[in-house]
Every structure is written in C-alpha cells, then in structure tokens.
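Enquirer: You'll find data.txt just under this line, and it carries compact mmCIF, N, CA and C atoms.
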# COMPACT_ATOMS: atom_id res chain seq x y z
N MET A 155 -3.80 49.53 -15.39
CA MET A 155 -2.59 49.29 -14.65
C MET A 155 -1.65 50.47 -14.90
N SER A 156 -1.01 50.94 -13.83
CA SER A 156 -0.09 52.06 -13.99
C SER A 156 1.16 51.61 -14.76
N ALA A 157 1.84 52.55 -15.37
CA ALA A 157 3.04 52.24 -16.14
C ALA A 157 4.12 51.63 -15.25
N GLN A 158 4.24 52.13 -14.04
CA GLN A 158 5.25 51.61 -13.12
C GLN A 158 4.93 50.16 -12.73
N LEU A 159 3.67 49.89 -12.41
CA LEU A 159 3.26 48.54 -12.04
C LEU A 159 3.42 47.59 -13.22
N GLU A 160 3.08 48.05 -14.41
CA GLU A 160 3.22 47.23 -15.61
C GLU A 160 4.69 46.87 -15.85
N LYS A 161 5.57 47.83 -15.66
CA LYS A 161 7.00 47.59 -15.85
C LYS A 161 7.52 46.58 -14.83
N LYS A 162 7.09 46.73 -13.57
CA LYS A 162 7.52 45.81 -12.51
C LYS A 162 6.99 44.40 -12.78
N ALA A 163 5.75 44.29 -13.21
CA ALA A 163 5.17 42.98 -13.51
C ALA A 163 5.90 42.31 -14.66
N ALA A 164 6.25 43.07 -15.68
CA ALA A 164 6.98 42.52 -16.82
C ALA A 164 8.35 42.01 -16.38
N TYR A 165 9.03 42.75 -15.49
CA TYR A 165 10.34 42.32 -15.00
C TYR A 165 10.21 41.04 -14.17
N MET A 166 9.23 41.00 -13.27
CA MET A 166 9.07 39.84 -12.39
C MET A 166 8.68 38.59 -13.15
N ALA A 167 8.05 38.74 -14.29
CA ALA A 167 7.65 37.58 -15.09
C ALA A 167 8.76 37.14 -16.04
N GLY A 168 9.81 37.90 -16.14
CA GLY A 168 10.87 37.63 -17.10
C GLY A 168 11.94 36.67 -16.61
N PHE A 169 12.79 36.30 -17.52
CA PHE A 169 13.88 35.36 -17.26
C PHE A 169 14.87 35.89 -16.23
N ALA A 170 15.24 37.16 -16.34
CA ALA A 170 16.26 37.73 -15.46
C ALA A 170 15.85 37.64 -13.99
N HIS A 171 14.61 37.98 -13.70
CA HIS A 171 14.14 37.93 -12.31
C HIS A 171 14.10 36.49 -11.82
N GLY A 172 13.59 35.58 -12.64
CA GLY A 172 13.54 34.17 -12.26
C GLY A 172 14.92 33.60 -11.99
N PHE A 173 15.85 33.91 -12.85
CA PHE A 173 17.23 33.44 -12.68
C PHE A 173 17.83 34.00 -11.39
N ARG A 174 17.66 35.28 -11.19
CA ARG A 174 18.21 35.92 -9.99
C ARG A 174 17.62 35.31 -8.72
N ARG A 175 16.32 35.11 -8.72
CA ARG A 175 15.64 34.55 -7.55
C ARG A 175 16.14 33.14 -7.26
N GLN A 176 16.31 32.31 -8.30
CA GLN A 176 16.76 30.94 -8.10
C GLN A 176 18.21 30.85 -7.66
N MET A 177 19.04 31.77 -8.14
CA MET A 177 20.47 31.69 -7.84
C MET A 177 20.85 32.36 -6.52
N PHE A 178 20.14 33.38 -6.13
CA PHE A 178 20.60 34.17 -4.99
C PHE A 178 19.66 34.18 -3.79
N ASN A 179 18.48 33.62 -3.89
CA ASN A 179 17.58 33.53 -2.75
C ASN A 179 17.66 32.12 -2.19
N SER A 180 17.48 31.98 -0.91
CA SER A 180 17.47 30.65 -0.31
C SER A 180 16.33 30.56 0.70
N VAL A 181 15.99 29.35 1.03
CA VAL A 181 14.96 29.10 2.01
C VAL A 181 15.56 29.37 3.39
N PRO A 182 14.89 30.12 4.23
CA PRO A 182 15.46 30.38 5.56
C PRO A 182 15.56 29.08 6.35
N PRO A 183 16.62 28.91 7.12
CA PRO A 183 16.78 27.67 7.89
C PRO A 183 15.72 27.55 8.97
N ILE A 184 15.38 26.32 9.29
CA ILE A 184 14.43 26.07 10.37
C ILE A 184 15.18 26.25 11.68
N PRO A 185 14.62 26.98 12.63
CA PRO A 185 15.31 27.20 13.91
C PRO A 185 15.66 25.87 14.59
N ALA A 186 16.78 25.85 15.27
CA ALA A 186 17.29 24.62 15.90
C ALA A 186 16.37 24.11 17.00
N ASP A 187 15.56 24.97 17.59
CA ASP A 187 14.71 24.54 18.71
C ASP A 187 13.36 23.97 18.28
N VAL A 188 13.13 23.79 16.98
CA VAL A 188 11.86 23.23 16.51
C VAL A 188 11.83 21.74 16.83
N ASP A 189 10.78 21.33 17.51
CA ASP A 189 10.60 19.93 17.88
C ASP A 189 9.14 19.56 17.61
N LEU A 190 8.91 18.55 16.81
CA LEU A 190 7.55 18.15 16.46
C LEU A 190 7.05 16.98 17.29
N ALA A 191 7.70 16.70 18.41
CA ALA A 191 7.25 15.61 19.29
C ALA A 191 5.80 15.88 19.70
N GLY A 192 4.98 14.86 19.60
CA GLY A 192 3.57 15.00 19.94
C GLY A 192 2.72 15.57 18.82
N LYS A 193 3.32 15.81 17.66
CA LYS A 193 2.60 16.41 16.54
C LYS A 193 2.41 15.40 15.42
N THR A 194 1.36 15.61 14.65
CA THR A 194 1.07 14.81 13.46
C THR A 194 1.42 15.64 12.24
N VAL A 195 2.11 15.02 11.29
CA VAL A 195 2.51 15.70 10.06
C VAL A 195 1.92 14.92 8.89
N LEU A 196 1.28 15.64 7.98
CA LEU A 196 0.70 15.04 6.79
C LEU A 196 1.43 15.60 5.58
N VAL A 197 1.98 14.71 4.75
CA VAL A 197 2.72 15.15 3.57
C VAL A 197 2.09 14.51 2.34
N THR A 198 1.66 15.32 1.38
CA THR A 198 1.14 14.79 0.13
C THR A 198 2.28 14.55 -0.83
N GLY A 199 2.15 13.53 -1.67
CA GLY A 199 3.20 13.20 -2.62
C GLY A 199 4.46 12.75 -1.89
N ALA A 200 4.28 12.02 -0.79
CA ALA A 200 5.38 11.72 0.12
C ALA A 200 6.24 10.53 -0.30
N ASN A 201 5.96 9.92 -1.44
CA ASN A 201 6.74 8.74 -1.80
C ASN A 201 7.92 9.04 -2.72
N VAL A 202 7.99 10.24 -3.29
CA VAL A 202 9.09 10.59 -4.19
C VAL A 202 9.45 12.07 -4.07
N GLY A 203 10.62 12.42 -4.53
CA GLY A 203 11.02 13.81 -4.71
C GLY A 203 10.95 14.65 -3.46
N LEU A 204 10.44 15.87 -3.62
CA LEU A 204 10.38 16.82 -2.51
C LEU A 204 9.48 16.33 -1.39
N GLY A 205 8.40 15.65 -1.73
CA GLY A 205 7.51 15.12 -0.70
C GLY A 205 8.22 14.13 0.21
N LEU A 206 9.02 13.25 -0.39
CA LEU A 206 9.79 12.27 0.40
C LEU A 206 10.82 12.97 1.26
N GLU A 207 11.48 13.98 0.72
CA GLU A 207 12.47 14.71 1.50
C GLU A 207 11.81 15.50 2.63
N CYS A 208 10.62 16.03 2.39
CA CYS A 208 9.88 16.70 3.47
C CYS A 208 9.54 15.71 4.57
N ALA A 209 9.07 14.53 4.18
CA ALA A 209 8.74 13.50 5.16
C ALA A 209 9.97 13.14 5.99
N ARG A 210 11.10 12.95 5.34
CA ARG A 210 12.35 12.62 6.02
C ARG A 210 12.73 13.75 7.00
N HIS A 211 12.58 14.98 6.55
CA HIS A 211 12.93 16.13 7.40
C HIS A 211 12.04 16.19 8.63
N PHE A 212 10.74 15.99 8.47
CA PHE A 212 9.83 16.03 9.61
C PHE A 212 10.13 14.90 10.59
N LEU A 213 10.57 13.75 10.08
CA LEU A 213 10.95 12.66 10.99
C LEU A 213 12.20 13.02 11.77
N ARG A 214 13.13 13.74 11.15
CA ARG A 214 14.32 14.22 11.87
C ARG A 214 13.93 15.18 13.00
N LEU A 215 12.84 15.90 12.79
CA LEU A 215 12.33 16.83 13.81
C LEU A 215 11.44 16.12 14.83
N ARG A 216 11.44 14.79 14.80
CA ARG A 216 10.77 13.93 15.78
C ARG A 216 9.24 14.01 15.75
N ALA A 217 8.65 14.11 14.57
CA ALA A 217 7.18 14.07 14.47
C ALA A 217 6.68 12.76 15.06
N SER A 218 5.58 12.82 15.82
CA SER A 218 5.04 11.62 16.44
C SER A 218 4.35 10.70 15.45
N LEU A 219 3.70 11.30 14.47
CA LEU A 219 3.00 10.51 13.44
C LEU A 219 3.20 11.19 12.10
N LEU A 220 3.64 10.41 11.12
CA LEU A 220 3.77 10.89 9.75
C LEU A 220 2.72 10.19 8.91
N VAL A 221 1.84 10.96 8.29
CA VAL A 221 0.86 10.42 7.35
C VAL A 221 1.38 10.72 5.95
N MET A 222 1.69 9.68 5.21
CA MET A 222 2.15 9.82 3.83
C MET A 222 0.94 9.67 2.92
N ALA A 223 0.54 10.74 2.28
CA ALA A 223 -0.59 10.72 1.35
C ALA A 223 -0.05 10.50 -0.06
N VAL A 224 -0.42 9.37 -0.68
CA VAL A 224 0.16 9.00 -1.97
C VAL A 224 -0.93 8.48 -2.91
N ARG A 225 -0.64 8.54 -4.21
CA ARG A 225 -1.57 7.99 -5.20
C ARG A 225 -1.50 6.48 -5.25
N SER A 226 -0.29 5.94 -5.16
CA SER A 226 -0.09 4.50 -5.26
C SER A 226 0.33 3.95 -3.90
N LEU A 227 -0.53 3.09 -3.32
CA LEU A 227 -0.21 2.52 -2.02
C LEU A 227 1.06 1.68 -2.07
N ALA A 228 1.25 0.95 -3.15
CA ALA A 228 2.44 0.10 -3.26
C ALA A 228 3.72 0.94 -3.24
N LYS A 229 3.74 2.01 -4.01
CA LYS A 229 4.92 2.89 -4.03
C LYS A 229 5.08 3.61 -2.70
N GLY A 230 3.97 3.97 -2.10
CA GLY A 230 4.02 4.63 -0.80
C GLY A 230 4.57 3.71 0.27
N GLU A 231 4.15 2.47 0.27
CA GLU A 231 4.65 1.50 1.26
C GLU A 231 6.13 1.23 1.05
N ALA A 232 6.58 1.21 -0.21
CA ALA A 232 8.01 1.02 -0.49
C ALA A 232 8.82 2.19 0.07
N ALA A 233 8.34 3.41 -0.13
CA ALA A 233 9.03 4.58 0.42
C ALA A 233 8.98 4.58 1.95
N ALA A 234 7.85 4.18 2.51
CA ALA A 234 7.71 4.12 3.97
C ALA A 234 8.67 3.09 4.56
N ALA A 235 8.88 2.00 3.86
CA ALA A 235 9.82 0.98 4.34
C ALA A 235 11.23 1.57 4.47
N GLY A 236 11.62 2.36 3.49
CA GLY A 236 12.92 3.02 3.56
C GLY A 236 13.00 3.99 4.72
N LEU A 237 11.93 4.75 4.94
CA LEU A 237 11.91 5.70 6.07
C LEU A 237 11.92 4.96 7.39
N ARG A 238 11.19 3.85 7.47
CA ARG A 238 11.17 3.07 8.72
C ARG A 238 12.54 2.49 9.03
N ALA A 239 13.30 2.15 7.99
CA ALA A 239 14.66 1.65 8.20
C ALA A 239 15.55 2.76 8.75
N ASP A 240 15.37 3.98 8.27
CA ASP A 240 16.17 5.11 8.74
C ASP A 240 15.71 5.64 10.09
N PHE A 241 14.40 5.52 10.37
CA PHE A 241 13.81 6.03 11.61
C PHE A 241 12.98 4.91 12.25
N PRO A 242 13.63 3.94 12.90
CA PRO A 242 12.92 2.75 13.40
C PRO A 242 11.85 3.04 14.45
N ASP A 243 11.97 4.14 15.18
CA ASP A 243 10.98 4.46 16.22
C ASP A 243 9.80 5.28 15.71
N ALA A 244 9.83 5.66 14.45
CA ALA A 244 8.79 6.55 13.90
C ALA A 244 7.50 5.78 13.64
N ARG A 245 6.40 6.49 13.86
CA ARG A 245 5.07 5.96 13.47
C ARG A 245 4.74 6.55 12.12
N ILE A 246 4.65 5.68 11.11
CA ILE A 246 4.42 6.12 9.73
C ILE A 246 3.24 5.34 9.18
N VAL A 247 2.27 6.06 8.63
CA VAL A 247 1.14 5.41 7.95
C VAL A 247 1.07 5.92 6.52
N VAL A 248 0.60 5.07 5.63
CA VAL A 248 0.48 5.42 4.21
C VAL A 248 -1.00 5.36 3.85
N TRP A 249 -1.52 6.48 3.38
CA TRP A 249 -2.92 6.57 2.98
C TRP A 249 -3.00 6.97 1.52
N GLU A 250 -4.00 6.43 0.86
CA GLU A 250 -4.20 6.74 -0.55
C GLU A 250 -4.89 8.10 -0.70
N LEU A 251 -4.37 8.90 -1.63
CA LEU A 251 -4.97 10.19 -1.94
C LEU A 251 -4.63 10.54 -3.38
N ASP A 252 -5.66 10.62 -4.21
CA ASP A 252 -5.49 11.05 -5.61
C ASP A 252 -6.14 12.42 -5.72
N MET A 253 -5.32 13.45 -5.79
CA MET A 253 -5.84 14.82 -5.81
C MET A 253 -6.66 15.13 -7.06
N ALA A 254 -6.57 14.30 -8.07
CA ALA A 254 -7.34 14.50 -9.29
C ALA A 254 -8.75 13.92 -9.17
N SER A 255 -9.01 13.20 -8.09
CA SER A 255 -10.32 12.58 -7.88
C SER A 255 -10.99 13.20 -6.66
N PHE A 256 -12.13 13.86 -6.88
CA PHE A 256 -12.85 14.48 -5.78
C PHE A 256 -13.29 13.44 -4.76
N ARG A 257 -13.70 12.26 -5.22
CA ARG A 257 -14.10 11.19 -4.30
C ARG A 257 -12.94 10.76 -3.41
N SER A 258 -11.75 10.67 -4.00
CA SER A 258 -10.57 10.29 -3.24
C SER A 258 -10.26 11.35 -2.17
N VAL A 259 -10.39 12.60 -2.54
CA VAL A 259 -10.14 13.69 -1.58
C VAL A 259 -11.16 13.64 -0.45
N GLN A 260 -12.42 13.44 -0.79
CA GLN A 260 -13.47 13.35 0.23
C GLN A 260 -13.21 12.18 1.18
N ALA A 261 -12.85 11.02 0.63
CA ALA A 261 -12.57 9.85 1.45
C ALA A 261 -11.36 10.10 2.36
N PHE A 262 -10.37 10.77 1.82
CA PHE A 262 -9.18 11.08 2.61
C PHE A 262 -9.52 12.00 3.77
N VAL A 263 -10.32 13.03 3.51
CA VAL A 263 -10.72 13.96 4.57
C VAL A 263 -11.51 13.24 5.66
N GLU A 264 -12.40 12.37 5.26
CA GLU A 264 -13.17 11.61 6.24
C GLU A 264 -12.26 10.72 7.09
N ARG A 265 -11.28 10.11 6.45
CA ARG A 265 -10.33 9.28 7.19
C ARG A 265 -9.53 10.13 8.18
N CYS A 266 -9.12 11.31 7.76
CA CYS A 266 -8.42 12.22 8.67
C CYS A 266 -9.28 12.56 9.87
N ARG A 267 -10.53 12.86 9.63
CA ARG A 267 -11.45 13.20 10.72
C ARG A 267 -11.63 12.03 11.69
N ARG A 268 -11.68 10.82 11.15
CA ARG A 268 -11.88 9.63 11.98
C ARG A 268 -10.64 9.23 12.75
N GLU A 269 -9.48 9.28 12.11
CA GLU A 269 -8.30 8.62 12.66
C GLU A 269 -7.22 9.53 13.22
N LEU A 270 -7.23 10.81 12.89
CA LEU A 270 -6.18 11.69 13.38
C LEU A 270 -6.62 12.41 14.65
N PRO A 271 -5.65 12.71 15.52
CA PRO A 271 -5.99 13.45 16.74
C PRO A 271 -6.60 14.80 16.40
N GLN A 272 -7.63 15.16 17.10
CA GLN A 272 -8.31 16.43 16.84
C GLN A 272 -7.71 17.53 17.69
N GLY A 273 -7.25 18.59 17.04
CA GLY A 273 -6.79 19.76 17.76
C GLY A 273 -5.37 19.68 18.30
N GLY A 274 -4.89 18.49 18.61
CA GLY A 274 -3.57 18.38 19.20
C GLY A 274 -2.46 18.24 18.19
N GLY A 275 -2.81 18.00 16.95
CA GLY A 275 -1.78 17.76 15.94
C GLY A 275 -1.32 19.03 15.26
N CYS A 276 -0.25 18.90 14.54
CA CYS A 276 0.29 20.03 13.78
C CYS A 276 0.37 19.62 12.34
N MET A 277 -0.38 20.27 11.48
CA MET A 277 -0.35 19.93 10.07
C MET A 277 0.56 20.91 9.36
N ARG A 278 1.53 20.41 8.63
CA ARG A 278 2.46 21.25 7.86
C ARG A 278 2.34 20.86 6.41
N ARG A 279 2.52 21.82 5.53
CA ARG A 279 2.45 21.54 4.10
C ARG A 279 3.79 21.87 3.48
N CYS A 280 4.26 20.97 2.59
CA CYS A 280 5.52 21.20 1.87
C CYS A 280 5.23 21.80 0.54
Any chance you could put this one into structure tokens?
Expert:
Amino acid sequence: MSAQLEKKAAYMAGFAHGFRRQMFNSVPPIPADVDLAGKTVLVTGANVGLGLECARHFLRLRASLLVMAVRSLAKGEAAAAGLRADFPDARIVVWELDMASFRSVQAFVERCRRELPQGGGCMRRC
C-alpha cells in the first residue's frame, strides 16, 4: 500500500472522520415527484427502528403493497396494526424472515416468487 493511501485509510478509519461524517453529512432528500403507486416495497426488520420508519416512509409515498419481513410474526402484526391505523388504505402483509436461518431465507424467497408480482414491482432496501 502506498504511503498516501495508508495515511488516507488511517484517517477514514479514525474518530475524527467518523465524527465529521455524522455531524456534517446528510442523506439527500427524496425528490418530491417520487410516487410508488403500483409498486411493491419489501422492508426487512420492519417492525422496529429504522425498518419501521422506512415502511412508514414508503407508505407516505403511496406504495401499493408493503411486505414487512420480520423475525417475530406477533411483533410484526402489532407494528402493522399501527401502520394500518395511520394508512387505512394501504395493503400491508407481514411475512416471517429470520436472516440467521438459511431455511427461513429460502422459504421467504419462494414465497416472494409465488405471491409477489413479477417484474412490475419495485423493491427498495433500507
């Protein structure tokens, strides 16, 4: 590794760069003309935290179908109930997905292939 590259890598891995990036960089706003009508959105970890906020945001953008992929169906259904109260016209489904289990991932993929529109949907990742 060159000395210049090594110096840059050390800076980028350090506290100062991380602090600067968190304090002074922001996520670019989503353009006002974005409309997800007719699109399917799949959000993993959609029952809490950033996943739930992503799901809420996609519903504001009028996604036709929201698939909430969660580890716990009970917790996912509870979160979906809150979203359904806020967005009564939304189509929301809760599917089980444990990313730590290869079988669960395989079953989830098969369910997507069976039940989601092919080619016409828009998959976004948070």
Enquirer: Between A:Asp240, A:Glu250, A:Asp189, A:Glu231, single out the one closest to A:Ser218, counting only C-alpha atoms.
Expert: A:Asp189
Enquirer: What is the atom CA of A:Val195-atom CA of A:Leu215 distance in Å, reported with one decimal?
Expert: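 That distance, rounded to one decimal, is 10.6 Å.
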Enquirer: Please measure the separation of atom N of A:Met222 and atom C of A:Gly199, giving the value in Å to one decimal.
Expert: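 Calculated distance between atom N of A:Met222 and atom C of A:Gly199 is 8.2 Å.
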Enquirer: Please produce, as a tab-separated table, a per-residue contact table for stretch 173-247 of chain A versus stretch 159-169 of chain A (criterion: any atom at most 8 Å away, all atoms listed in the file considered), showing the nearest atom pair and its distance in Å to one decimal, sorted by chain then residue number.
Expert:
residue	atom	partner	partner_atom	distance
A:Phe173	N	A:Phe169	C	4.0
A:Arg174	N	A:Phe169	C	5.8
A:Arg175	N	A:Phe169	C	7.7
Enquirer: Identify which of the residues A:Ala235, A:Val224, A:Cys266, A:Leu190 lies closest to A:Asp252, counting all atoms listed in the file when measuring atom-to-atom distances.
Expert: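 Checking each of A:Ala235, A:Val224, A:Cys266, A:Leu190 against A:Asp252, counting all atoms listed in the file, the winner is A:Val224.
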Enquirer: For a test of reading the model, state the distance in Å between atom CA of A:Gln260 and atom CA of A:Leu237, rounded to one decimal.
Expert: 27.1 Å
Enquirer: Distance cut-off 6.5 Å, centre (4.5, 13.3, 13.6) in file coordinates, counting all atoms listed in the file: which residues qualify? Return them as a PyMOL selection string.
Expert: chain A and resi 190+192-195+216-221
Enquirer: I'd like to know which residues of chain A are alpha helix (DSSP H) (by DSSP, run on the backbone); could you write them as a PyMOL selection string?
Expert: chain A and resi 157-166+169-178+203-214+227-240+256-269
Enquirer: Could you please write out, as a list in words, every residue of stretch 169-262 of chain A that DSSP assigns to strand (DSSP E)?
Expert: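 The residues of stretch 169-262 of chain A classed as strand (DSSP E) are Thr194, Val195, Leu196, Val197, Thr198, Leu219, Leu220, Val221, Met222, Ala223, Val224, Arg245, Ile246, Val247, Val248, Trp249 and Glu250 of chain A.
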